[in-house]
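Heads up, data_10.pdb below (PDB, C-alpha atoms, pLDDT in the B column):
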```
ATOM      1  CA  MET A   5       0.000   0.000   0.000  1.00 40.00           C
ATOM      2  CA  ARG A   6       2.794   2.435   0.868  1.00 41.00           C
ATOM      3  CA  THR A   7       4.328   1.863  -2.575  1.00 41.00           C
ATOM      4  CA  LEU A   8       0.985   2.663  -4.210  1.00 39.00           C
ATOM      5  CA  LEU A   9       0.666   5.877  -2.197  1.00 40.00           C
ATOM      6  CA  LEU A  10       4.179   6.919  -3.171  1.00 39.00           C
ATOM      7  CA  LEU A  11       3.402   6.120  -6.814  1.00 42.00           C
ATOM      8  CA  GLY A  12       0.446   8.448  -6.530  1.00 47.00           C
ATOM      9  CA  LEU A  13       2.570  11.188  -5.032  1.00 46.00           C
ATOM     10  CA  ALA A  14       5.034  10.685  -7.854  1.00 46.00           C
ATOM     11  CA  LEU A  15       2.189  11.301 -10.300  1.00 46.00           C
ATOM     12  CA  LEU A  16       1.827  14.764  -8.803  1.00 46.00           C
ATOM     13  CA  VAL A  17       5.311  15.993  -9.518  1.00 40.00           C
ATOM     14  CA  GLY A  18       4.932  17.007 -13.135  1.00 38.00           C
ATOM     15  CA  ALA A  19       2.731  19.939 -12.261  1.00 39.00           C
ATOM     16  CA  PRO A  20       3.652  23.096 -14.149  1.00 37.00           C
ATOM     17  CA  ALA A  21       0.671  22.591 -16.464  1.00 38.00           C
ATOM     18  CA  PHE A  22      -1.766  22.899 -13.565  1.00 48.00           C
ATOM     19  CA  ALA A  23      -1.332  26.642 -13.364  1.00 45.00           C
ATOM     20  CA  ASP A  24      -2.047  27.045 -17.086  1.00 48.00           C
ATOM     21  CA  SER A  25      -5.245  25.047 -17.524  1.00 60.00           C
ATOM     22  CA  LYS A  26      -8.846  25.798 -16.577  1.00 77.00           C
ATOM     23  CA  ASP A  27      -9.763  22.177 -17.369  1.00 83.00           C
ATOM     24  CA  PRO A  28      -8.545  19.930 -14.536  1.00 87.00           C
ATOM     25  CA  VAL A  29      -8.513  16.789 -16.705  1.00 87.00           C
ATOM     26  CA  GLU A  30      -6.341  18.490 -19.299  1.00 86.00           C
ATOM     27  CA  ALA A  31      -4.100  19.802 -16.532  1.00 82.00           C
ATOM     28  CA  ILE A  32      -3.606  16.305 -15.096  1.00 81.00           C
ATOM     29  CA  ARG A  33      -3.028  14.845 -18.565  1.00 84.00           C
ATOM     30  CA  ARG A  34      -0.412  17.469 -19.421  1.00 84.00           C
ATOM     31  CA  HIS A  35       1.370  17.118 -16.118  1.00 79.00           C
ATOM     32  CA  ASP A  36       1.545  13.352 -16.599  1.00 78.00           C
ATOM     33  CA  GLN A  37       3.009  13.815 -20.085  1.00 81.00           C
ATOM     34  CA  ASP A  38       5.586  16.246 -18.687  1.00 82.00           C
ATOM     35  CA  LEU A  39       6.449  13.772 -15.946  1.00 75.00           C
ATOM     36  CA  GLN A  40       6.883  10.889 -18.381  1.00 73.00           C
ATOM     37  CA  ALA A  41       9.124  13.027 -20.609  1.00 78.00           C
ATOM     38  CA  LEU A  42      11.290  14.014 -17.656  1.00 77.00           C
ATOM     39  CA  LEU A  43      11.533  10.446 -16.388  1.00 74.00           C
ATOM     40  CA  LYS A  44      12.828   9.232 -19.752  1.00 75.00           C
ATOM     41  CA  ARG A  45      15.926  11.399 -19.317  1.00 82.00           C
ATOM     42  CA  TYR A  46      16.069  11.566 -15.504  1.00 79.00           C
ATOM     43  CA  GLN A  47      19.500  11.080 -13.937  1.00 82.00           C
ATOM     44  CA  PRO A  48      19.356  10.803 -10.117  1.00 78.00           C
ATOM     45  CA  ALA A  49      22.786  12.412  -9.769  1.00 86.00           C
ATOM     46  CA  ASN A  50      21.745  15.446 -11.839  1.00 89.00           C
ATOM     47  CA  SER A  51      21.014  18.164  -9.272  1.00 89.00           C
ATOM     48  CA  ALA A  52      19.304  20.410 -11.844  1.00 90.00           C
ATOM     49  CA  GLN A  53      16.794  17.650 -12.635  1.00 85.00           C
ATOM     50  CA  ARG A  54      16.227  16.994  -8.935  1.00 80.00           C
ATOM     51  CA  ASP A  55      15.583  20.709  -8.414  1.00 83.00           C
ATOM     52  CA  THR A  56      13.120  20.694 -11.305  1.00 81.00           C
ATOM     53  CA  LEU A  57      11.218  17.820  -9.712  1.00 74.00           C
ATOM     54  CA  LYS A  58      11.092  19.637  -6.384  1.00 73.00           C
ATOM     55  CA  ARG A  59       9.761  22.744  -8.084  1.00 74.00           C
ATOM     56  CA  MET A  60       7.113  20.677  -9.853  1.00 71.00           C
ATOM     57  CA  ILE A  61       5.958  19.190  -6.553  1.00 65.00           C
ATOM     58  CA  ASN A  62       5.725  22.619  -4.966  1.00 66.00           C
ATOM     59  CA  GLU A  63       3.708  24.064  -7.837  1.00 69.00           C
ATOM     60  CA  MET A  64       1.066  21.343  -7.713  1.00 71.00           C
ATOM     61  CA  PHE A  65       0.417  20.317  -4.159  1.00 81.00           C
ATOM     62  CA  SER A  66      -1.144  22.611  -1.599  1.00 89.00           C
ATOM     63  CA  PHE A  67       1.004  21.700   1.363  1.00 91.00           C
ATOM     64  CA  PRO A  68      -0.713  24.257   3.611  1.00 93.00           C
ATOM     65  CA  GLU A  69      -4.114  22.714   2.843  1.00 94.00           C
ATOM     66  CA  LEU A  70      -2.920  19.114   3.162  1.00 93.00           C
ATOM     67  CA  GLY A  71      -1.011  19.981   6.345  1.00 94.00           C
ATOM     68  CA  LYS A  72      -3.983  21.750   7.898  1.00 95.00           C
ATOM     69  CA  ARG A  73      -6.259  18.810   7.143  1.00 95.00           C
ATOM     70  CA  ALA A  74      -3.693  16.196   8.235  1.00 95.00           C
ATOM     71  CA  LEU A  75      -3.070  17.897  11.583  1.00 96.00           C
ATOM     72  CA  GLY A  76      -6.794  18.375  12.218  1.00 94.00           C
ATOM     73  CA  LYS A  77      -7.576  20.247  15.426  1.00 94.00           C
ATOM     74  CA  THR A  78      -3.881  20.724  16.189  1.00 96.00           C
ATOM     75  CA  TRP A  79      -3.549  23.131  13.240  1.00 97.00           C
ATOM     76  CA  GLY A  80      -5.936  25.673  14.744  1.00 95.00           C
ATOM     77  CA  GLY A  81      -3.977  25.715  17.995  1.00 96.00           C
ATOM     78  CA  LEU A  82      -0.680  26.543  16.296  1.00 96.00           C
ATOM     79  CA  LYS A  83       0.690  30.027  15.875  1.00 97.00           C
ATOM     80  CA  LYS A  84       1.427  31.220  12.336  1.00 97.00           C
ATOM     81  CA  PRO A  85       5.218  30.656  12.656  1.00 96.00           C
ATOM     82  CA  GLU A  86       4.581  27.077  13.836  1.00 96.00           C
ATOM     83  CA  GLN A  87       2.233  26.469  10.910  1.00 97.00           C
ATOM     84  CA  ASP A  88       4.809  27.872   8.496  1.00 96.00           C
ATOM     85  CA  THR A  89       7.572  25.710   9.961  1.00 96.00           C
ATOM     86  CA  PHE A  90       5.380  22.626   9.766  1.00 96.00           C
ATOM     87  CA  VAL A  91       4.431  23.291   6.119  1.00 95.00           C
ATOM     88  CA  ALA A  92       8.087  23.823   5.152  1.00 94.00           C
ATOM     89  CA  VAL A  93       9.361  20.591   6.733  1.00 95.00           C
ATOM     90  CA  PHE A  94       6.313  18.644   5.535  1.00 93.00           C
ATOM     91  CA  LYS A  95       6.944  19.835   1.971  1.00 90.00           C
ATOM     92  CA  ARG A  96      10.618  18.806   2.102  1.00 87.00           C
ATOM     93  CA  ALA A  97       9.739  15.349   3.482  1.00 87.00           C
ATOM     94  CA  VAL A  98       7.180  14.710   0.722  1.00 82.00           C
ATOM     95  CA  GLU A  99       9.565  16.001  -1.953  1.00 79.00           C
ATOM     96  CA  SER A 100      12.326  13.764  -0.688  1.00 76.00           C
ATOM     97  CA  SER A 101      10.236  10.593  -0.518  1.00 73.00           C
ATOM     98  CA  SER A 102       8.604  11.225  -3.906  1.00 70.00           C
ATOM     99  CA  ILE A 103      11.842  11.943  -5.743  1.00 67.00           C
ATOM    100  CA  LYS A 104      13.513   8.829  -4.364  1.00 62.00           C
ATOM    101  CA  ARG A 105      10.789   6.668  -5.903  1.00 58.00           C
ATOM    102  CA  LEU A 106      10.277   8.401  -9.238  1.00 56.00           C
ATOM    103  CA  GLU A 107      12.520   6.027 -11.121  1.00 50.00           C
ATOM    104  CA  ASN A 108       9.966   3.263 -10.492  1.00 53.00           C
ATOM    105  CA  TYR A 109       7.106   5.165 -12.111  1.00 58.00           C
ATOM    106  CA  ARG A 110       6.429   4.336 -15.736  1.00 63.00           C
ATOM    107  CA  ALA A 111       2.939   4.160 -17.225  1.00 70.00           C
ATOM    108  CA  ASP A 112       2.027   2.250 -20.358  1.00 76.00           C
ATOM    109  CA  SER A 113      -1.183   4.264 -20.707  1.00 83.00           C
ATOM    110  CA  THR A 114      -3.554   6.405 -18.670  1.00 85.00           C
ATOM    111  CA  ARG A 115      -7.242   7.349 -18.950  1.00 89.00           C
ATOM    112  CA  TYR A 116      -8.666  10.422 -17.166  1.00 90.00           C
ATOM    113  CA  THR A 117     -12.193  11.297 -16.041  1.00 88.00           C
ATOM    114  CA  ALA A 118     -13.559  14.156 -13.954  1.00 87.00           C
ATOM    115  CA  THR A 119     -16.349  14.423 -11.440  1.00 85.00           C
ATOM    116  CA  PRO A 120     -17.253  18.092 -11.085  1.00 77.00           C
ATOM    117  CA  GLY A 121     -17.526  19.336  -7.555  1.00 74.00           C
ATOM    118  CA  ALA A 122     -19.063  22.433  -6.088  1.00 72.00           C
ATOM    119  CA  GLY A 123     -17.622  25.758  -7.227  1.00 71.00           C
ATOM    120  CA  ASP A 124     -13.852  25.655  -7.404  1.00 84.00           C
ATOM    121  CA  LYS A 125     -13.487  21.987  -6.394  1.00 88.00           C
ATOM    122  CA  THR A 126     -13.333  18.854  -8.518  1.00 90.00           C
ATOM    123  CA  VAL A 127     -12.140  15.274  -8.521  1.00 92.00           C
ATOM    124  CA  VAL A 128     -10.120  13.788 -11.383  1.00 91.00           C
ATOM    125  CA  THR A 129      -9.615  10.035 -11.628  1.00 90.00           C
ATOM    126  CA  ALA A 130      -6.685   8.648 -13.587  1.00 87.00           C
ATOM    127  CA  THR A 131      -6.689   4.955 -14.425  1.00 88.00           C
ATOM    128  CA  VAL A 132      -3.051   4.024 -14.956  1.00 83.00           C
ATOM    129  CA  TRP A 133      -1.999   0.832 -16.753  1.00 85.00           C
ATOM    130  CA  ARG A 134       1.424  -0.732 -16.417  1.00 82.00           C
ATOM    131  CA  GLY A 135       2.300  -4.265 -17.403  1.00 84.00           C
ATOM    132  CA  GLY A 136      -1.364  -5.172 -17.920  1.00 86.00           C
ATOM    133  CA  LYS A 137      -2.372  -4.102 -14.400  1.00 87.00           C
ATOM    134  CA  SER A 138      -4.344  -0.998 -13.574  1.00 87.00           C
ATOM    135  CA  SER A 139      -4.439   1.364 -10.622  1.00 84.00           C
ATOM    136  CA  LYS A 140      -6.829   4.214  -9.911  1.00 86.00           C
ATOM    137  CA  VAL A 141      -5.464   7.554  -8.814  1.00 84.00           C
ATOM    138  CA  VAL A 142      -8.025  10.060  -7.546  1.00 89.00           C
ATOM    139  CA  TYR A 143      -6.894  13.688  -7.381  1.00 89.00           C
ATOM    140  CA  LYS A 144      -8.949  15.916  -5.074  1.00 92.00           C
ATOM    141  CA  LEU A 145      -8.386  19.396  -6.413  1.00 91.00           C
ATOM    142  CA  PHE A 146      -9.363  22.956  -5.716  1.00 91.00           C
ATOM    143  CA  GLN A 147      -8.650  26.165  -7.548  1.00 88.00           C
ATOM    144  CA  GLN A 148      -6.636  28.807  -5.807  1.00 83.00           C
ATOM    145  CA  ASN A 149      -5.644  31.996  -7.609  1.00 82.00           C
ATOM    146  CA  GLY A 150      -6.590  30.396 -10.937  1.00 81.00           C
ATOM    147  CA  SER A 151      -4.406  27.345 -10.382  1.00 79.00           C
ATOM    148  CA  TRP A 152      -5.520  23.749  -9.725  1.00 85.00           C
ATOM    149  CA  GLN A 153      -3.924  22.333  -6.584  1.00 88.00           C
ATOM    150  CA  ALA A 154      -4.259  18.947  -4.937  1.00 89.00           C
ATOM    151  CA  TRP A 155      -5.165  18.655  -1.288  1.00 90.00           C
ATOM    152  CA  ASP A 156      -5.518  14.869  -1.355  1.00 90.00           C
ATOM    153  CA  LEU A 157      -4.580  11.944  -3.520  1.00 85.00           C
ATOM    154  CA  VAL A 158      -6.313   8.577  -3.255  1.00 86.00           C
ATOM    155  CA  LEU A 159      -4.552   5.624  -4.857  1.00 80.00           C
ATOM    156  CA  ASP A 160      -6.472   2.364  -5.014  1.00 79.00           C
ATOM    157  CA  GLU A 161      -8.606   3.612  -2.112  1.00 86.00           C
ATOM    158  CA  VAL A 162      -5.641   4.693   0.048  1.00 88.00           C
ATOM    159  CA  SER A 163      -5.798   8.408   0.835  1.00 90.00           C
ATOM    160  CA  SER A 164      -2.591  10.384   1.307  1.00 88.00           C
ATOM    161  CA  LEU A 165      -4.505  12.730   3.626  1.00 92.00           C
ATOM    162  CA  ARG A 166      -5.835   9.857   5.745  1.00 94.00           C
ATOM    163  CA  THR A 167      -2.393   8.216   5.852  1.00 92.00           C
ATOM    164  CA  TYR A 168      -0.674  11.410   7.022  1.00 94.00           C
ATOM    165  CA  LYS A 169      -3.471  12.186   9.475  1.00 96.00           C
ATOM    166  CA  ASP A 170      -3.201   8.714  11.044  1.00 96.00           C
ATOM    167  CA  GLN A 171       0.602   8.947  11.261  1.00 95.00           C
ATOM    168  CA  PHE A 172       0.565  12.457  12.734  1.00 96.00           C
ATOM    169  CA  THR A 173      -2.136  11.534  15.267  1.00 96.00           C
ATOM    170  CA  ALA A 174      -0.132   8.520  16.469  1.00 97.00           C
ATOM    171  CA  ILE A 175       3.105  10.508  16.733  1.00 97.00           C
ATOM    172  CA  GLN A 176       1.424  13.414  18.532  1.00 95.00           C
ATOM    173  CA  ALA A 177      -0.104  11.032  21.074  1.00 96.00           C
ATOM    174  CA  LYS A 178       3.395   9.927  22.108  1.00 97.00           C
ATOM    175  CA  GLU A 179       5.692  12.823  21.235  1.00 97.00           C
ATOM    176  CA  GLY A 180       3.479  15.871  20.732  1.00 95.00           C
ATOM    177  CA  PHE A 181       3.556  18.256  17.791  1.00 96.00           C
ATOM    178  CA  ALA A 182       7.339  18.653  18.140  1.00 96.00           C
ATOM    179  CA  GLY A 183       7.689  14.912  17.487  1.00 96.00           C
ATOM    180  CA  VAL A 184       5.852  15.251  14.179  1.00 96.00           C
ATOM    181  CA  VAL A 185       8.099  18.109  13.076  1.00 96.00           C
ATOM    182  CA  ASN A 186      11.253  16.252  14.168  1.00 96.00           C
ATOM    183  CA  ARG A 187      10.270  13.123  12.244  1.00 95.00           C
ATOM    184  CA  LEU A 188       9.450  15.137   9.140  1.00 95.00           C
ATOM    185  CA  ARG A 189      12.803  16.891   9.403  1.00 94.00           C
ATOM    186  CA  ALA A 190      14.541  13.511   9.532  1.00 93.00           C
ATOM    187  CA  LYS A 191      12.673  12.328   6.395  1.00 87.00           C
ATOM    188  CA  GLY A 192      13.357  15.551   4.549  1.00 80.00           C
ATOM    189  CA  GLY A 193      17.073  15.536   5.160  1.00 64.00           C
ATOM    190  CA  ASP A 194      17.052  18.532   7.515  1.00 66.00           C
TER     191      ASP A 194
END
```
Do you think you could lay out the structure here as structure tokens?
Amino acid sequence: MRTLLLLGLALLVGAPAFADSKDPVEAIRRHDQDLQALLKRYQPANSAQRDTLKRMINEMFSFPELGKRALGKTWGGLKKPEQDTFVAVFKRAVESSSIKRLENYRADSTRYTATPGAGDKTVVTATVWRGGKSSKVVYKLFQQNGSWQAWDLVLDEVSSLRTYKDQFTAIQAKEGFAGVVNRLRAKGGD
């Protein structure tokens, strides 16, 4: 399951097209094409390519929204500097784990469908085929400043939001909010 979730996060990293498209399906399709093109020439030791992938992650995913939802009630009790610190280390941890697994992501083909939501929200489902097997990736998106951003990703019924929320809740029960930040720092290479 963890591998599937990381595959889904890897699907998010080709995001520059999200800012340019009003159609969320077209935005997802273009980002996937950009990702596949980059992966064909990706060299793990190439720092410029790694930086490009990090930038792509940042442009697509709303880390403040995902972080707020993953921390639940804790978020509201944090001061703005604590929220900012959390979002920064959370972003680095996700970037780091996604980039490390990108080499494993190759799709033979993908089909996209959208389920319109209310107002500036929508859900796009990508059915990804590789080696004759399929996986469903559900992008929960919202528009912010004219740009589609993901606040959750569900891969074969495993939600990134739910996974992070469960992990953060368990860590906070034992180590408090500082424990969550410390663990994220360790994953992000801080």
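Non-sequential neighbours of A:Ile175 (distance at most 12 Å, separation of 4 or more positions within a chain, all atoms listed in the file) are Leu75, Tyr168, Lys169, Asp170, Gln171, Glu179, Gly180, Phe181, Ala182, Gly183, Val184, Val185, Asn186, Arg187 and Leu188 of chain A.
The shortest atom-to-atom distance to A:Thr89, with all atoms listed in the file taken into account, belongs to A:Gly71 out of A:Gly71, A:Pro28, A:Pro120, A:Gly150.
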Completion exercise
Closest of A:Ala122, A:Leu82, A:Ala74, A:Ala130 to A:Ser164, counting only C-alpha atoms, is A:Ala74
Problem - Result set, the PyMOL selection byres ((chain A and resi 114) around 6) on current file, as JSON, numbers by chain - result: {"A": [113, 115, 131, 132]}
Write to file, as an mmCIF file, in the frame of the given file, the residues of the selection just made, with C-alpha atoms.
```cif
data_model
loop_
_atom_site.group_PDB
_atom_site.id
_atom_site.type_symbol
_atom_site.label_atom_id
_atom_site.label_comp_id
_atom_site.auth_asym_id
_atom_site.auth_seq_id
_atom_site.Cartn_x
_atom_site.Cartn_y
_atom_site.Cartn_z
ATOM 1 C CA SER A 113 -1.183 4.264 -20.707
ATOM 2 C CA ARG A 115 -7.242 7.349 -18.950
ATOM 3 C CA THR A 131 -6.689 4.955 -14.425
ATOM 4 C CA VAL A 132 -3.051 4.024 -14.956
#
```
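Note that the spacing between atom CA of A:Leu39 and atom CA of A:Asp55 amounts to 13.7 Å.
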Please determine an axis-aligned box that encloses all atoms of stretch 114-120 of chain A listed in the file, with 5 Å added on each side, and express its centre and edge lengths in Å to one decimal as lines of an AutoDock Vina configuration file.
```
center_x = -10.4
center_y = 12.2
center_z = -15.0
size_x = 23.7
size_y = 21.7
size_z = 17.9
```
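The smallest atom-to-atom distance between A:Lys191 and any of A:Leu42, A:Leu70, A:Val98, A:Met60, using only C-alpha atoms, is found for A:Val98.
When atom CA of A:Phe146 is paired with atom CA of A:Val127, their separation reads 8.6 Å.
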Mind rebuilding stretch 29-64 of chain A with N, CA and C atoms and writing that out as an mmCIF file, in the coordinates of the input?
```
data_model
loop_
_atom_site.group_PDB
_atom_site.id
_atom_site.type_symbol
_atom_site.label_atom_id
_atom_site.label_comp_id
_atom_site.auth_asym_id
_atom_site.auth_seq_id
_atom_site.Cartn_x
_atom_site.Cartn_y
_atom_site.Cartn_z
ATOM 1 N N VAL A 29 -8.923 18.030 -16.042
ATOM 2 C CA VAL A 29 -8.513 16.789 -16.705
ATOM 3 C C VAL A 29 -7.337 17.063 -17.632
ATOM 4 N N GLU A 30 -7.442 18.135 -18.403
ATOM 5 C CA GLU A 30 -6.341 18.490 -19.299
ATOM 6 C C GLU A 30 -5.085 18.820 -18.505
ATOM 7 N N ALA A 31 -5.249 19.469 -17.375
ATOM 8 C CA ALA A 31 -4.100 19.802 -16.532
ATOM 9 C C ALA A 31 -3.403 18.541 -16.037
ATOM 10 N N ILE A 32 -4.184 17.575 -15.571
ATOM 11 C CA ILE A 32 -3.606 16.305 -15.096
ATOM 12 C C ILE A 32 -2.922 15.588 -16.256
ATOM 13 N N ARG A 33 -3.595 15.524 -17.392
ATOM 14 C CA ARG A 33 -3.028 14.845 -18.565
ATOM 15 C C ARG A 33 -1.689 15.480 -18.967
ATOM 16 N N ARG A 34 -1.648 16.792 -19.030
ATOM 17 C CA ARG A 34 -0.412 17.469 -19.421
ATOM 18 C C ARG A 34 0.684 17.266 -18.390
ATOM 19 N N HIS A 35 0.327 17.319 -17.125
ATOM 20 C CA HIS A 35 1.370 17.118 -16.118
ATOM 21 C C HIS A 35 1.936 15.709 -16.194
ATOM 22 N N ASP A 36 1.078 14.728 -16.480
ATOM 23 C CA ASP A 36 1.545 13.352 -16.599
ATOM 24 C C ASP A 36 2.473 13.205 -17.803
ATOM 25 N N GLN A 37 2.137 13.852 -18.908
ATOM 26 C CA GLN A 37 3.009 13.815 -20.085
ATOM 27 C C GLN A 37 4.357 14.464 -19.780
ATOM 28 N N ASP A 38 4.336 15.584 -19.073
ATOM 29 C CA ASP A 38 5.586 16.246 -18.687
ATOM 30 C C ASP A 38 6.422 15.343 -17.781
ATOM 31 N N LEU A 39 5.751 14.672 -16.856
ATOM 32 C CA LEU A 39 6.449 13.772 -15.946
ATOM 33 C C LEU A 39 7.090 12.626 -16.708
ATOM 34 N N GLN A 40 6.336 12.005 -17.614
ATOM 35 C CA GLN A 40 6.883 10.889 -18.381
ATOM 36 C C GLN A 40 8.085 11.329 -19.217
ATOM 37 N N ALA A 41 7.996 12.515 -19.813
ATOM 38 C CA ALA A 41 9.124 13.027 -20.609
ATOM 39 C C ALA A 41 10.356 13.239 -19.734
ATOM 40 N N LEU A 42 10.165 13.787 -18.562
ATOM 41 C CA LEU A 42 11.290 14.014 -17.656
ATOM 42 C C LEU A 42 11.887 12.689 -17.183
ATOM 43 N N LEU A 43 11.037 11.723 -16.885
ATOM 44 C CA LEU A 43 11.533 10.446 -16.388
ATOM 45 C C LEU A 43 12.352 9.691 -17.434
ATOM 46 N N LYS A 44 12.064 9.912 -18.702
ATOM 47 C CA LYS A 44 12.828 9.232 -19.752
ATOM 48 C C LYS A 44 14.286 9.671 -19.751
ATOM 49 N N ARG A 45 14.543 10.896 -19.317
ATOM 50 C CA ARG A 45 15.926 11.399 -19.317
ATOM 51 C C ARG A 45 16.466 11.641 -17.902
ATOM 52 N N TYR A 46 15.705 11.264 -16.892
ATOM 53 C CA TYR A 46 16.069 11.566 -15.504
ATOM 54 C C TYR A 46 17.342 10.839 -15.074
ATOM 55 N N GLN A 47 18.261 11.606 -14.510
ATOM 56 C CA GLN A 47 19.500 11.080 -13.937
ATOM 57 C C GLN A 47 19.501 11.450 -12.453
ATOM 58 N N PRO A 48 19.427 10.491 -11.548
ATOM 59 C CA PRO A 48 19.356 10.803 -10.117
ATOM 60 C C PRO A 48 20.492 11.701 -9.613
ATOM 61 N N ALA A 49 21.648 11.602 -10.222
ATOM 62 C CA ALA A 49 22.786 12.412 -9.769
ATOM 63 C C ALA A 49 22.748 13.843 -10.310
ATOM 64 N N ASN A 50 21.836 14.125 -11.226
ATOM 65 C CA ASN A 50 21.745 15.446 -11.839
ATOM 66 C C ASN A 50 20.959 16.380 -10.920
ATOM 67 N N SER A 51 21.668 17.286 -10.251
ATOM 68 C CA SER A 51 21.014 18.164 -9.272
ATOM 69 C C SER A 51 20.014 19.116 -9.918
ATOM 70 N N ALA A 52 20.254 19.528 -11.157
ATOM 71 C CA ALA A 52 19.304 20.410 -11.844
ATOM 72 C C ALA A 52 17.967 19.692 -12.074
ATOM 73 N N GLN A 53 18.020 18.412 -12.445
ATOM 74 C CA GLN A 53 16.794 17.650 -12.635
ATOM 75 C C GLN A 53 16.075 17.433 -11.301
ATOM 76 N N ARG A 54 16.837 17.159 -10.260
ATOM 77 C CA ARG A 54 16.227 16.994 -8.935
ATOM 78 C C ARG A 54 15.545 18.284 -8.510
ATOM 79 N N ASP A 55 16.183 19.423 -8.758
ATOM 80 C CA ASP A 55 15.583 20.709 -8.414
ATOM 81 C C ASP A 55 14.313 20.958 -9.219
ATOM 82 N N THR A 56 14.319 20.549 -10.476
ATOM 83 C CA THR A 56 13.120 20.694 -11.305
ATOM 84 C C THR A 56 11.973 19.877 -10.730
ATOM 85 N N LEU A 57 12.265 18.658 -10.308
ATOM 86 C CA LEU A 57 11.218 17.820 -9.712
ATOM 87 C C LEU A 57 10.675 18.446 -8.425
ATOM 88 N N LYS A 58 11.549 18.977 -7.616
ATOM 89 C CA LYS A 58 11.092 19.637 -6.384
ATOM 90 C C LYS A 58 10.192 20.818 -6.701
ATOM 91 N N ARG A 59 10.576 21.594 -7.683
ATOM 92 C CA ARG A 59 9.761 22.744 -8.084
ATOM 93 C C ARG A 59 8.391 22.284 -8.574
ATOM 94 N N MET A 60 8.378 21.204 -9.345
ATOM 95 C CA MET A 60 7.113 20.677 -9.853
ATOM 96 C C MET A 60 6.194 20.242 -8.715
ATOM 97 N N ILE A 61 6.758 19.601 -7.710
ATOM 98 C CA ILE A 61 5.958 19.190 -6.553
ATOM 99 C C ILE A 61 5.356 20.421 -5.883
ATOM 100 N N ASN A 62 6.180 21.413 -5.656
ATOM 101 C CA ASN A 62 5.725 22.619 -4.966
ATOM 102 C C ASN A 62 4.621 23.340 -5.718
ATOM 103 N N GLU A 63 4.702 23.359 -7.042
ATOM 104 C CA GLU A 63 3.708 24.064 -7.837
ATOM 105 C C GLU A 63 2.355 23.382 -7.818
ATOM 106 N N MET A 64 2.309 22.087 -7.624
ATOM 107 C CA MET A 64 1.066 21.343 -7.713
ATOM 108 C C MET A 64 0.348 21.173 -6.392
#
```
